[in-house]
file entry38.txt (compact mmCIF, C-alpha atoms)
# COMPACT_ATOMS: atom_id res chain seq x y z
CA MET C 848 -81.54 73.26 -8.62
CA VAL C 849 -79.53 71.60 -5.84
CA THR C 850 -77.73 74.78 -4.79
CA GLN C 851 -80.84 76.95 -5.06
CA THR C 852 -83.01 74.53 -3.09
CA LEU C 853 -80.60 73.51 -0.32
CA GLY C 854 -78.59 76.71 -0.02
CA GLU C 855 -76.34 76.96 3.02
CA ILE C 856 -77.36 73.62 4.54
CA LEU C 857 -75.66 71.77 1.67
CA PHE C 858 -72.20 70.51 2.67
CA THR C 859 -69.64 70.78 -0.12
CA PRO C 860 -66.11 69.36 0.16
CA GLY C 861 -64.39 72.47 -1.22
CA SER C 862 -61.97 70.33 -3.23
CA GLU C 863 -62.02 67.45 -5.69
CA CYS C 864 -62.45 64.88 -2.91
CA LEU C 865 -62.32 64.57 0.88
CA LYS C 866 -59.11 63.31 2.46
CA GLU C 867 -61.03 62.29 5.59
CA PHE C 868 -64.59 62.51 6.74
CA PRO C 869 -65.64 65.49 8.87
CA SER C 870 -66.92 64.76 12.37
CA PRO C 871 -70.64 64.09 12.84
CA GLU C 872 -70.76 67.12 15.14
CA SER C 873 -69.62 69.42 12.32
CA LEU C 874 -72.22 67.94 9.96
CA LYS C 875 -75.27 68.48 12.19
CA ARG C 876 -78.17 70.01 10.26
CA ARG C 877 -76.27 69.71 6.99
CA ILE C 878 -77.09 67.72 3.87
CA ILE C 879 -74.41 65.59 2.21
CA ILE C 880 -74.56 64.30 -1.35
CA SER C 881 -73.06 60.87 -1.85
CA THR C 882 -73.36 59.34 -5.31
CA LYS C 883 -71.38 58.35 -8.36
CA PRO C 884 -70.49 61.02 -10.94
CA PRO C 885 -73.17 61.39 -13.68
CA LYS C 886 -72.93 59.14 -16.73
CA GLU C 887 -75.82 60.09 -19.04
CA TYR C 888 -73.48 60.07 -22.04
CA LEU C 889 -72.28 56.52 -21.63
CA GLU C 890 -73.63 53.64 -23.67
CA ALA C 891 -76.34 51.51 -22.13
CA LYS C 892 -75.00 49.19 -19.48
CA GLU C 893 -74.59 45.56 -20.25
CA GLU C 894 -77.11 43.33 -18.64
CA LYS C 895 -75.76 42.35 -15.26
CA GLU C 896 -75.36 38.79 -14.19
CA LYS C 897 -78.08 37.48 -12.02
CA GLU C 898 -77.11 36.36 -8.56
CA ASN C 899 -77.54 32.68 -7.91
CA ASP C 900 -79.72 31.59 -5.10
CA SER C 901 -80.46 28.22 -3.68
CA GLN C 902 -83.89 26.86 -4.37
CA ARG C 903 -86.40 27.80 -1.76
CA GLY C 904 -87.57 24.86 0.27
CA LYS C 905 -90.70 24.50 2.32
CA GLY C 906 -90.40 26.69 5.40
CA SER C 907 -91.07 25.41 8.88
CA ALA C 908 -94.19 26.41 10.75
CA ASP C 909 -92.58 29.25 12.69
CA GLU C 910 -90.95 30.61 9.52
CA GLU C 911 -94.36 30.91 7.89
CA ALA C 912 -95.72 32.66 10.94
CA TRP C 913 -93.15 35.40 11.51
CA GLY C 914 -90.27 35.06 9.08
CA LYS C 915 -87.24 32.82 8.80
CA GLU C 916 -84.70 32.55 11.58
CA VAL C 917 -81.82 34.93 10.89
CA PRO C 918 -78.91 33.02 9.32
CA ASN C 919 -75.71 33.18 11.33
CA LEU C 920 -72.26 33.97 9.96
CA LYS C 921 -70.95 30.56 10.96
CA SER C 922 -73.60 28.87 8.79
CA LEU C 923 -72.43 30.67 5.66
CA ASN C 924 -69.83 29.32 3.28
CA ASN C 925 -66.43 30.90 3.80
CA SER C 926 -65.61 30.51 0.14
CA ALA C 927 -63.09 32.70 -1.58
CA CYS C 928 -64.51 35.66 -3.44
CA ASP C 929 -63.00 35.95 -6.87
CA LYS C 930 -63.55 38.60 -9.48
CA ASP C 931 -66.51 36.79 -11.03
CA ASP C 932 -68.28 36.64 -7.66
CA PHE C 933 -67.68 40.32 -7.14
CA ASP C 934 -68.82 41.56 -10.55
CA GLY C 935 -72.23 39.91 -10.30
CA GLY C 936 -74.00 42.70 -8.44
CA VAL C 937 -77.45 44.12 -9.06
CA ASP C 938 -77.05 47.61 -7.61
CA ASN C 939 -77.08 50.62 -9.93
CA ASP C 940 -75.29 52.88 -7.48
CA GLU C 941 -71.70 51.75 -7.77
CA GLU C 942 -70.64 51.19 -11.36
CA ASP C 943 -67.46 53.20 -11.80
CA SER C 944 -67.39 55.66 -14.67
CA ASP C 945 -64.63 55.58 -17.25
CA ASP C 946 -62.26 58.39 -18.16
CA LYS C 947 -64.58 59.65 -20.88
CA SER C 948 -67.39 60.28 -18.41
CA GLN C 949 -65.04 62.08 -16.05
CA HIS C 950 -64.20 64.63 -18.77
CA ASN C 951 -67.73 65.12 -20.10
CA GLU C 952 -69.66 65.62 -16.87
CA ALA C 953 -70.60 69.04 -15.51
CA PRO C 954 -67.79 70.15 -13.18
CA GLU C 955 -70.17 72.32 -11.10
CA TYR C 956 -72.23 69.26 -10.21
CA ARG C 957 -69.19 67.10 -9.50
CA LYS C 958 -67.98 69.65 -6.91
CA LEU C 959 -71.21 69.17 -4.95
CA ILE C 960 -70.62 65.44 -4.43
CA ALA C 961 -69.05 65.19 -0.98
CA ILE C 962 -68.68 61.40 -0.85
CA HIS C 963 -67.90 59.74 -4.16
CA ALA C 964 -69.33 56.27 -4.77
CA GLY C 965 -68.07 53.72 -7.24
CA LYS C 966 -66.34 50.39 -7.67
CA PRO C 967 -62.79 50.58 -9.02
CA LYS C 968 -62.01 48.24 -11.87
CA GLY C 969 -60.71 44.86 -10.77
CA GLY C 970 -61.72 42.40 -8.07
CA LEU C 971 -62.76 42.92 -4.50
CA LYS C 972 -59.17 43.12 -3.26
CA GLU C 973 -58.69 46.20 -5.41
CA CYS C 974 -61.97 47.74 -4.24
CA LEU C 975 -61.00 47.38 -0.59
CA LYS C 976 -57.66 49.15 -0.93
CA VAL C 977 -57.44 52.12 1.43
CA ASP C 978 -56.31 55.35 -0.25
CA PRO C 979 -54.58 57.65 2.28
CA ASP C 980 -55.41 60.70 0.14
CA LYS C 981 -59.17 60.31 -0.25
CA VAL C 982 -62.23 58.68 1.25
CA ARG C 983 -65.11 57.11 -0.64
CA ARG C 984 -68.15 54.89 -0.43
CA LEU C 985 -68.42 51.30 -1.67
CA SER C 986 -71.59 49.24 -2.01
CA LEU C 987 -71.75 45.44 -1.86
CA SER C 988 -74.74 43.14 -2.10
CA GLU C 989 -75.40 40.84 0.84
CA GLN C 990 -74.16 37.90 -1.26
CA GLN C 991 -70.93 39.67 -2.15
CA LEU C 992 -70.35 40.45 1.53
CA GLU C 993 -71.07 36.88 2.64
CA ASN C 994 -68.66 35.53 0.03
CA ALA C 995 -66.02 38.11 0.90
CA VAL C 996 -65.86 37.85 4.70
CA GLY C 997 -64.16 34.46 4.60
CA THR C 998 -61.22 35.68 2.54
CA TYR C 999 -61.18 39.45 2.92
CA GLY C 1000 -62.75 39.94 6.36
CA ASN C 1001 -59.78 41.89 7.75
CA ASP C 1002 -59.57 44.03 4.59
CA ILE C 1003 -63.25 44.92 4.96
CA VAL C 1004 -62.73 46.08 8.57
CA ARG C 1005 -59.68 48.14 7.55
CA PHE C 1006 -61.63 49.68 4.67
CA THR C 1007 -64.45 50.77 6.97
CA GLN C 1008 -62.04 52.48 9.37
CA ARG C 1009 -61.56 55.25 6.78
CA ASN C 1010 -64.32 54.75 4.21
CA LEU C 1011 -68.04 54.08 4.07
CA LEU C 1012 -69.37 50.62 3.23
CA ARG C 1013 -72.99 50.09 2.24
CA ILE C 1014 -74.63 46.65 2.13
CA TYR C 1015 -77.90 46.11 0.26
CA PRO C 1016 -80.29 43.15 -0.16
CA LYS C 1017 -79.76 40.94 -3.20
CA GLY C 1018 -82.12 41.68 -6.05
CA ILE C 1019 -83.88 38.32 -6.07
CA ARG C 1020 -85.55 39.08 -2.72
CA VAL C 1021 -88.77 39.87 -4.58
CA ASP C 1022 -90.75 38.92 -1.46
CA SER C 1023 -89.07 41.83 0.42
CA SER C 1024 -87.34 39.45 2.82
CA ASN C 1025 -84.11 40.43 4.55
CA TYR C 1026 -80.70 39.08 5.59
CA ASN C 1027 -78.61 39.05 8.77
CA PRO C 1028 -77.46 42.66 9.33
CA LEU C 1029 -74.91 41.66 11.97
CA ILE C 1030 -72.55 40.32 9.30
CA GLY C 1031 -72.18 43.85 7.98
CA TRP C 1032 -72.27 45.59 11.37
CA SER C 1033 -69.61 43.28 12.86
CA HIS C 1034 -67.28 44.08 9.95
CA GLY C 1035 -67.72 47.84 10.37
CA ALA C 1036 -70.26 48.56 7.62
CA GLN C 1037 -71.89 51.91 8.32
CA MET C 1038 -74.91 51.54 6.03
CA VAL C 1039 -76.84 48.26 6.07
CA ALA C 1040 -79.92 48.61 3.89
CA PHE C 1041 -83.19 46.74 4.51
CA ASN C 1042 -86.40 45.98 2.69
CA MET C 1043 -88.47 47.98 5.15
CA GLN C 1044 -91.76 46.38 4.09
CA GLY C 1045 -90.36 42.90 4.79
CA HIS C 1046 -91.36 42.52 8.43
CA GLY C 1047 -89.59 39.73 10.28
CA ARG C 1048 -86.66 38.81 12.48
CA SER C 1049 -83.97 40.63 10.48
CA LEU C 1050 -85.90 43.88 10.71
CA TRP C 1051 -86.47 43.30 14.44
CA LEU C 1052 -82.67 43.22 14.86
CA MET C 1053 -82.48 46.59 13.13
CA HIS C 1054 -85.10 47.99 15.49
CA GLY C 1055 -83.08 46.67 18.42
CA MET C 1056 -79.75 48.07 17.25
CA PHE C 1057 -81.16 51.55 16.73
CA ARG C 1058 -83.04 51.71 20.01
CA ALA C 1059 -79.59 52.61 21.34
CA ASN C 1060 -78.36 56.20 21.55
CA GLY C 1061 -81.81 57.50 22.40
CA GLY C 1062 -83.34 56.11 19.23
CA CYS C 1063 -81.95 59.03 17.22
CA GLY C 1064 -81.13 56.83 14.22
CA TYR C 1065 -77.35 56.79 14.63
CA VAL C 1066 -75.22 54.43 16.72
CA LYS C 1067 -71.48 54.87 17.17
CA LYS C 1068 -69.37 51.90 16.15
CA PRO C 1069 -67.46 50.19 18.99
CA ASN C 1070 -63.91 51.48 19.35
CA PHE C 1071 -62.38 48.08 18.53
CA LEU C 1072 -63.76 48.38 14.98
CA LEU C 1073 -61.93 51.70 14.59
CA GLN C 1074 -58.55 50.64 15.97
CA THR C 1075 -55.61 48.51 14.86
CA GLY C 1076 -53.32 46.49 17.11
CA PRO C 1077 -49.54 46.77 17.51
CA HIS C 1078 -49.05 44.37 14.59
CA ASN C 1079 -51.67 46.09 12.39
CA GLU C 1080 -54.26 43.45 13.29
CA VAL C 1081 -57.95 44.34 13.30
CA PHE C 1082 -61.07 42.90 14.91
CA ASP C 1083 -62.23 39.58 13.46
CA PRO C 1084 -65.81 38.62 14.43
CA LYS C 1085 -65.18 34.98 13.50
CA VAL C 1086 -62.46 34.52 16.15
CA LYS C 1087 -63.82 33.10 19.38
CA LEU C 1088 -62.74 35.34 22.27
CA PRO C 1089 -63.04 34.78 26.03
CA ALA C 1090 -66.27 36.04 27.59
CA LYS C 1091 -66.05 39.63 28.85
CA LYS C 1092 -69.23 39.34 30.90
CA THR C 1093 -72.26 37.12 31.33
CA LEU C 1094 -75.82 38.36 31.06
CA LYS C 1095 -78.24 36.58 33.38
CA VAL C 1096 -81.87 36.92 32.26
CA THR C 1097 -84.83 35.81 34.36
CA VAL C 1098 -88.25 35.59 32.71
CA TYR C 1099 -90.79 35.86 35.51
CA MET C 1100 -94.19 36.27 33.85
CA GLY C 1101 -96.17 37.97 31.11
CA GLU C 1102 -99.50 39.72 30.82
CA GLY C 1103 -101.62 41.89 28.54
CA TRP C 1104 -102.71 39.46 25.83
CA TYR C 1105 -106.17 39.24 27.36
CA TYR C 1106 -106.65 42.97 26.71
CA ASP C 1107 -104.87 43.37 23.35
CA PHE C 1108 -106.13 40.27 21.50
CA PRO C 1109 -109.62 38.84 20.85
CA HIS C 1110 -110.26 36.07 23.37
CA THR C 1111 -110.53 33.49 20.58
CA HIS C 1112 -107.39 34.69 18.75
CA PHE C 1113 -105.08 31.95 20.04
CA ASP C 1114 -107.57 29.19 20.82
CA ALA C 1115 -111.29 29.16 20.20
CA TYR C 1116 -112.19 27.09 23.27
CA SER C 1117 -109.47 27.53 25.90
CA PRO C 1118 -106.90 30.05 27.17
CA PRO C 1119 -103.57 30.20 25.30
CA ASP C 1120 -100.47 28.04 25.84
CA PHE C 1121 -97.59 30.54 25.88
CA TYR C 1122 -93.83 29.99 25.78
CA ALA C 1123 -91.01 32.53 25.50
CA ARG C 1124 -87.82 32.47 23.43
CA VAL C 1125 -84.86 34.45 24.75
CA GLY C 1126 -81.46 34.75 23.11
CA ILE C 1127 -78.59 36.78 21.77
CA ALA C 1128 -77.85 38.06 18.27
CA GLY C 1129 -74.25 39.13 17.82
CA VAL C 1130 -70.93 37.67 16.71
CA PRO C 1131 -71.17 33.93 15.91
CA ALA C 1132 -69.70 32.84 19.27
CA ASP C 1133 -72.38 34.75 21.20
CA THR C 1134 -75.40 33.93 19.02
CA VAL C 1135 -77.89 31.58 20.66
CA MET C 1136 -81.64 31.16 21.33
CA LYS C 1137 -83.20 29.45 24.34
CA LYS C 1138 -86.76 28.60 25.23
CA THR C 1139 -88.96 28.40 28.32
CA LYS C 1140 -91.41 25.63 29.03
CA THR C 1141 -94.92 25.95 27.58
CA LEU C 1142 -97.59 26.88 30.13
CA GLU C 1143 -101.00 25.58 29.16
CA ASP C 1144 -104.32 27.41 29.43
CA ASN C 1145 -103.08 30.62 31.01
CA TRP C 1146 -103.56 34.26 29.96
CA ILE C 1147 -100.97 35.35 32.54
CA PRO C 1148 -98.12 32.80 32.23
CA SER C 1149 -95.62 32.63 35.09
CA TRP C 1150 -92.49 30.91 33.78
CA ASN C 1151 -89.90 31.88 36.44
CA GLU C 1152 -87.00 30.62 34.32
CA GLU C 1153 -83.40 31.84 34.31
CA PHE C 1154 -80.95 31.90 31.41
CA GLU C 1155 -77.26 32.82 31.24
CA PHE C 1156 -75.54 34.20 28.15
CA PRO C 1157 -71.71 34.48 28.14
CA LEU C 1158 -70.80 37.43 25.91
CA SER C 1159 -67.42 37.73 24.21
CA VAL C 1160 -68.39 40.91 22.31
CA PRO C 1161 -71.19 42.55 24.36
CA GLU C 1162 -70.81 45.80 22.39
CA LEU C 1163 -72.39 44.11 19.34
CA ALA C 1164 -74.89 41.93 21.22
CA LEU C 1165 -78.66 42.31 20.97
CA LEU C 1166 -81.08 40.64 23.38
CA ARG C 1167 -83.88 38.92 21.46
CA ILE C 1168 -87.21 38.20 23.16
CA GLU C 1169 -90.18 36.50 21.54
CA VAL C 1170 -93.43 34.99 22.84
CA HIS C 1171 -95.42 32.37 20.95
CA GLU C 1172 -98.51 30.31 21.60
CA TYR C 1173 -98.10 26.58 21.15
CA ASP C 1174 -100.53 24.94 18.75
CA MET C 1175 -100.47 21.16 18.45
CA SER C 1176 -102.26 20.90 15.12
CA GLU C 1177 -101.20 24.06 13.30
CA LYS C 1178 -98.29 26.50 13.29
CA ASP C 1179 -97.63 28.29 16.56
CA ASP C 1180 -99.20 31.72 16.91
CA PHE C 1181 -97.16 34.90 17.31
CA GLY C 1182 -97.54 36.63 20.68
CA GLY C 1183 -95.07 39.50 20.55
CA GLN C 1184 -91.37 40.35 20.30
CA THR C 1185 -88.75 42.90 21.16
CA CYS C 1186 -85.03 43.33 20.64
CA LEU C 1187 -82.80 45.38 22.94
CA PRO C 1188 -79.15 46.51 22.77
CA VAL C 1189 -77.27 44.70 25.53
CA SER C 1190 -74.96 47.69 25.99
CA GLU C 1191 -77.88 49.79 27.24
CA LEU C 1192 -79.70 47.25 29.42
CA LYS C 1193 -80.38 48.44 32.95
CA GLN C 1194 -79.90 45.86 35.66
CA GLY C 1195 -82.73 44.89 37.98
CA ILE C 1196 -86.39 43.97 37.59
CA ARG C 1197 -87.91 45.48 34.45
CA ALA C 1198 -91.29 45.54 32.69
CA VAL C 1199 -90.43 44.89 29.04
CA PRO C 1200 -93.09 45.94 26.51
CA LEU C 1201 -93.55 43.70 23.48
CA HIS C 1202 -94.19 44.69 19.87
CA ASP C 1203 -96.08 43.22 16.93
CA ARG C 1204 -94.52 41.90 13.71
CA LYS C 1205 -94.22 45.42 12.29
CA GLY C 1206 -92.42 46.65 15.39
CA GLU C 1207 -95.37 48.63 16.77
CA ARG C 1208 -95.75 48.47 20.53
CA TYR C 1209 -98.73 46.67 22.04
CA LYS C 1210 -100.82 48.69 24.46
CA SER C 1211 -100.76 46.15 27.29
CA VAL C 1212 -98.53 43.15 26.47
CA LYS C 1213 -95.35 43.08 28.54
CA LEU C 1214 -93.00 40.69 30.32
CA LEU C 1215 -91.67 41.00 33.84
CA MET C 1216 -87.94 40.23 33.66
CA HIS C 1217 -84.72 40.59 35.61
CA PHE C 1218 -81.36 41.50 34.07
CA GLU C 1219 -78.00 41.07 35.76
CA PHE C 1220 -74.40 41.21 34.52
CA ILE C 1221 -72.07 38.79 36.28
call {"tool": "encode", "arguments": {"input": "entry38.txt", "output": "structure tokens"}}
result
Amino acid sequence: MVTQTLGEILFTPGSECLKEFPSPESLKRRIIISTKPPKEYLEAKEEKEKENDSQRGKGSADEEAWGKEVPNLKSLNNSACDKDDFDGGVDNDEEDSDDKSQHNEAPEYRKLIAIHAGKPKGGLKECLKVDPDKVRRLSLSEQQLENAVGTYGNDIVRFTQRNLLRIYPKGIRVDSSNYNPLIGWSHGAQMVAFNMQGHGRSLWLMHGMFRANGGCGYVKKPNFLLQTGPHNEVFDPKVKLPAKKTLKVTVYMGEGWYYDFPHTHFDAYSPPDFYARVGIAGVPADTVMKKTKTLEDNWIPSWNEEFEFPLSVPELALLRIEVHEYDMSEKDDFGGQTCLPVSELKQGIRAVPLHDRKGERYKSVKLLMHFEFI
């Protein structure tokens, strides 16, 4: 069925496994199959261990309104990841098949799998070994990645220089919430999976990252994630580096809420009290959020405030912009957001359109801003 349906657009490796990945240019308009070999004949899998999660506490007002603040890498435990931590996944994609399955599966189907997926037996150290004779794909849950970066961060970066790494949300996110994608991106992970129905700040970061490169859906990794130094060292996002450049952001004013929202949406009896939040999502040393003053009773707020953001790794930095309406008695109201790749910001005075929680652009709401690299 696969060969009949896909025909010539199906890419097949031509051998048992690829020694290196073909270039994206050579794979344009082709379809690639990446999966584990079939295992219908194996016994039922043992019930997998459930991932532990800390008890959910009561969220703050702004978390209830538009999702929790994205956790930063420096706030995570850098605990060692042992074999027990690693084996407790919830993904069905990566269980490695045993020798019996390798002999019993249909060889015609196996030849169609261009990128083999699977976790080798053993701990994470074994899984991250780079084989010079073949390339493959490995999947880790967000919890496995967070536990691993403290001990095996450099091994993860080296692995992603030749192989594909996929990160997926932990299974207990039954509310379709998400995690910080920059932990995976900054360690070279090519595939960072999201709960797409879980609108919030994590998904806004994804929108921002993939606005780059014309919004085509693919963004090239920075060269420093693909290179090794003279002593075989690789990029470490946890190391604080000197600032390469500083982004100066001026928030002049905003408008459009009067036209895109009901006039009683923010306050039943008076104009809204807007404030803006501006910051950077990136490596831990660059990550920060700042806030303007709140301007009371004004549909067209004029903040005229300037912020400076020193950037040690601008290639991975995203500019976060949010507007909220201050409410003294209840949680603050959401007034729009956007996220932009710093690497593609144009300097000068810009009209920046804002988006709703789902990432859809408002018709009229925009901010007048100025960007400058110093």
call {"tool": "closest_residue", "arguments": {"input": "entry38.txt", "among": "C:Lys866, C:His1202, C:Pro1188, C:Leu1215", "to": "Gly1062 (chain C)", "atoms": "only C-alpha atoms"}}
result
C:Pro1188
call {"tool": "atom_distance", "arguments": {"input": "entry38.txt", "atom1": "CA of Cys1186 (chain C)", "atom2": "CA of His1054 (chain C)"}}
result
6.9 Å
call {"tool": "residues_near_point", "arguments": {"input": "entry38.txt", "point": "(-84.9, 27.3, 32.0)", "cutoff": "12 Å", "atoms": "only C-alpha atoms", "output": "list in words"}}
result
Lys1095, Val1096, Thr1097, Val1098, Tyr1099, Tyr1122, Ala1123, Arg1124, Val1125, Met1136, Lys1137, Lys1138, Thr1139, Lys1140, Thr1141, Trp1150, Asn1151, Glu1152, Glu1153, Phe1154 and Glu1155 of chain C
call {"tool": "residues_near_point", "arguments": {"input": "entry38.txt", "point": "(-82.0, 39.5, 3.5)", "cutoff": "9 Å", "atoms": "only C-alpha atoms", "output": "ChimeraX atom specification"}}
result
/C:917,989,1015-1017,1020,1023-1028,1041-1042,1049
call {"tool": "write_last_selection", "arguments": {"input": "entry38.txt", "atoms": "C-alpha atoms", "output": "tab-separated table (two decimals), in the coordinates of the input"}}
result
chain	number	residue	atom	x	y	z
C	917	VAL	CA	-81.82	34.93	10.89
C	989	GLU	CA	-75.40	40.84	0.84
C	1015	TYR	CA	-77.90	46.11	0.26
C	1016	PRO	CA	-80.29	43.15	-0.16
C	1017	LYS	CA	-79.76	40.94	-3.20
C	1020	ARG	CA	-85.55	39.08	-2.72
C	1023	SER	CA	-89.07	41.83	0.42
C	1024	SER	CA	-87.34	39.45	2.82
C	1025	ASN	CA	-84.11	40.43	4.55
C	1026	TYR	CA	-80.70	39.08	5.59
C	1027	ASN	CA	-78.61	39.05	8.77
C	1028	PRO	CA	-77.46	42.66	9.33
C	1041	PHE	CA	-83.19	46.74	4.51
C	1042	ASN	CA	-86.40	45.98	2.69
C	1049	SER	CA	-83.97	40.63	10.48
call {"tool": "closest_residue", "arguments": {"input": "entry38.txt", "among": "C:Ala1198, C:Val1086, C:Val1212, C:Ile1221", "to": "Trp1146 (chain C)", "atoms": "all atoms listed in the file"}}
result
C:Val1212
call {"tool": "atom_distance", "arguments": {"input": "entry38.txt", "atom1": "CA of Val1004 (chain C)", "atom2": "CA of Leu1073 (chain C)"}}
result
8.3 Å
call {"tool": "residues_around", "arguments": {"input": "entry38.txt", "residues": "Glu1207 (chain C)", "least_positions_apart": "3", "cutoff": "10 Å", "atoms": "all atoms listed in the file", "output": "ChimeraX atom specification"}}
result
/C:1183-1185,1201-1204,1210
call {"tool": "closest_residue", "arguments": {"input": "entry38.txt", "among": "C:Glu1162, C:Asp1022, C:Asp1120, C:Asp978", "to": "Leu1072 (chain C)", "atoms": "all atoms listed in the file"}}
result
C:Glu1162
call {"tool": "atom_distance", "arguments": {"input": "entry38.txt", "atom1": "CA of Phe868 (chain C)", "atom2": "CA of Val1066 (chain C)"}}
result
16.7 Å
call {"tool": "axis_aligned_box", "arguments": {"input": "entry38.txt", "around": "region 1020-1038 of chain C", "padding_each_side": "8 Å", "output": "JSON"}}
result
{"center_x": -79.0, "center_y": 45.4, "center_z": 4.1, "size_x": 39.5, "size_y": 29.0, "size_z": 33.4}
call {"tool": "closest_residue", "arguments": {"input": "entry38.txt", "among": "C:Leu1166, C:Leu874, C:Ala964, C:Ala1036", "to": "Asp1002 (chain C)", "atoms": "all atoms listed in the file"}}
result
C:Ala1036
call {"tool": "residues_around", "arguments": {"input": "entry38.txt", "residues": "Lys981 (chain C)", "least_positions_apart": "4", "cutoff": "7 Å", "atoms": "only C-alpha atoms", "output": "tab-separated table (two decimals) with C-alpha atoms, in the frame of the given file"}}
result
chain	number	residue	atom	x	y	z
C	864	CYS	CA	-62.45	64.88	-2.91
C	865	LEU	CA	-62.32	64.57	0.88
C	866	LYS	CA	-59.11	63.31	2.46
C	867	GLU	CA	-61.03	62.29	5.59
call {"tool": "closest_residue", "arguments": {"input": "entry38.txt", "among": "C:Gly1103, C:Gly854, C:Gly1182, C:Pro1109", "to": "Ser1211 (chain C)", "atoms": "all atoms listed in the file"}}
result
C:Gly1103
call {"tool": "closest_residue", "arguments": {"input": "entry38.txt", "among": "C:Glu1172, C:Phe1218, C:Gly1055, C:Gly1129", "to": "Pro918 (chain C)", "atoms": "all atoms listed in the file"}}
result
C:Gly1129
call {"tool": "residues_around", "arguments": {"input": "entry38.txt", "residues": "region 1192-1196 of chain C", "least_positions_apart": "4", "cutoff": "6 Å", "atoms": "all atoms listed in the file", "output": "VMD selection string"}}
result
chain C and resid 1216 to 1219
call {"tool": "residues_around", "arguments": {"input": "entry38.txt", "residues": "Ser881 (chain C)", "least_positions_apart": "6", "cutoff": "8 Å", "atoms": "all atoms listed in the file", "output": "list in words"}}
result
Ile960, Ala961, Ile962, His963, Ala964 and Arg984 of chain C
call {"tool": "residues_around", "arguments": {"input": "entry38.txt", "residues": "Met1175 (chain C)", "least_positions_apart": "2", "cutoff": "12 Å", "atoms": "all atoms listed in the file", "output": "ChimeraX atom specification"}}
result
/C:908,1113-1114,1119-1120,1141,1143,1172-1173,1177-1180
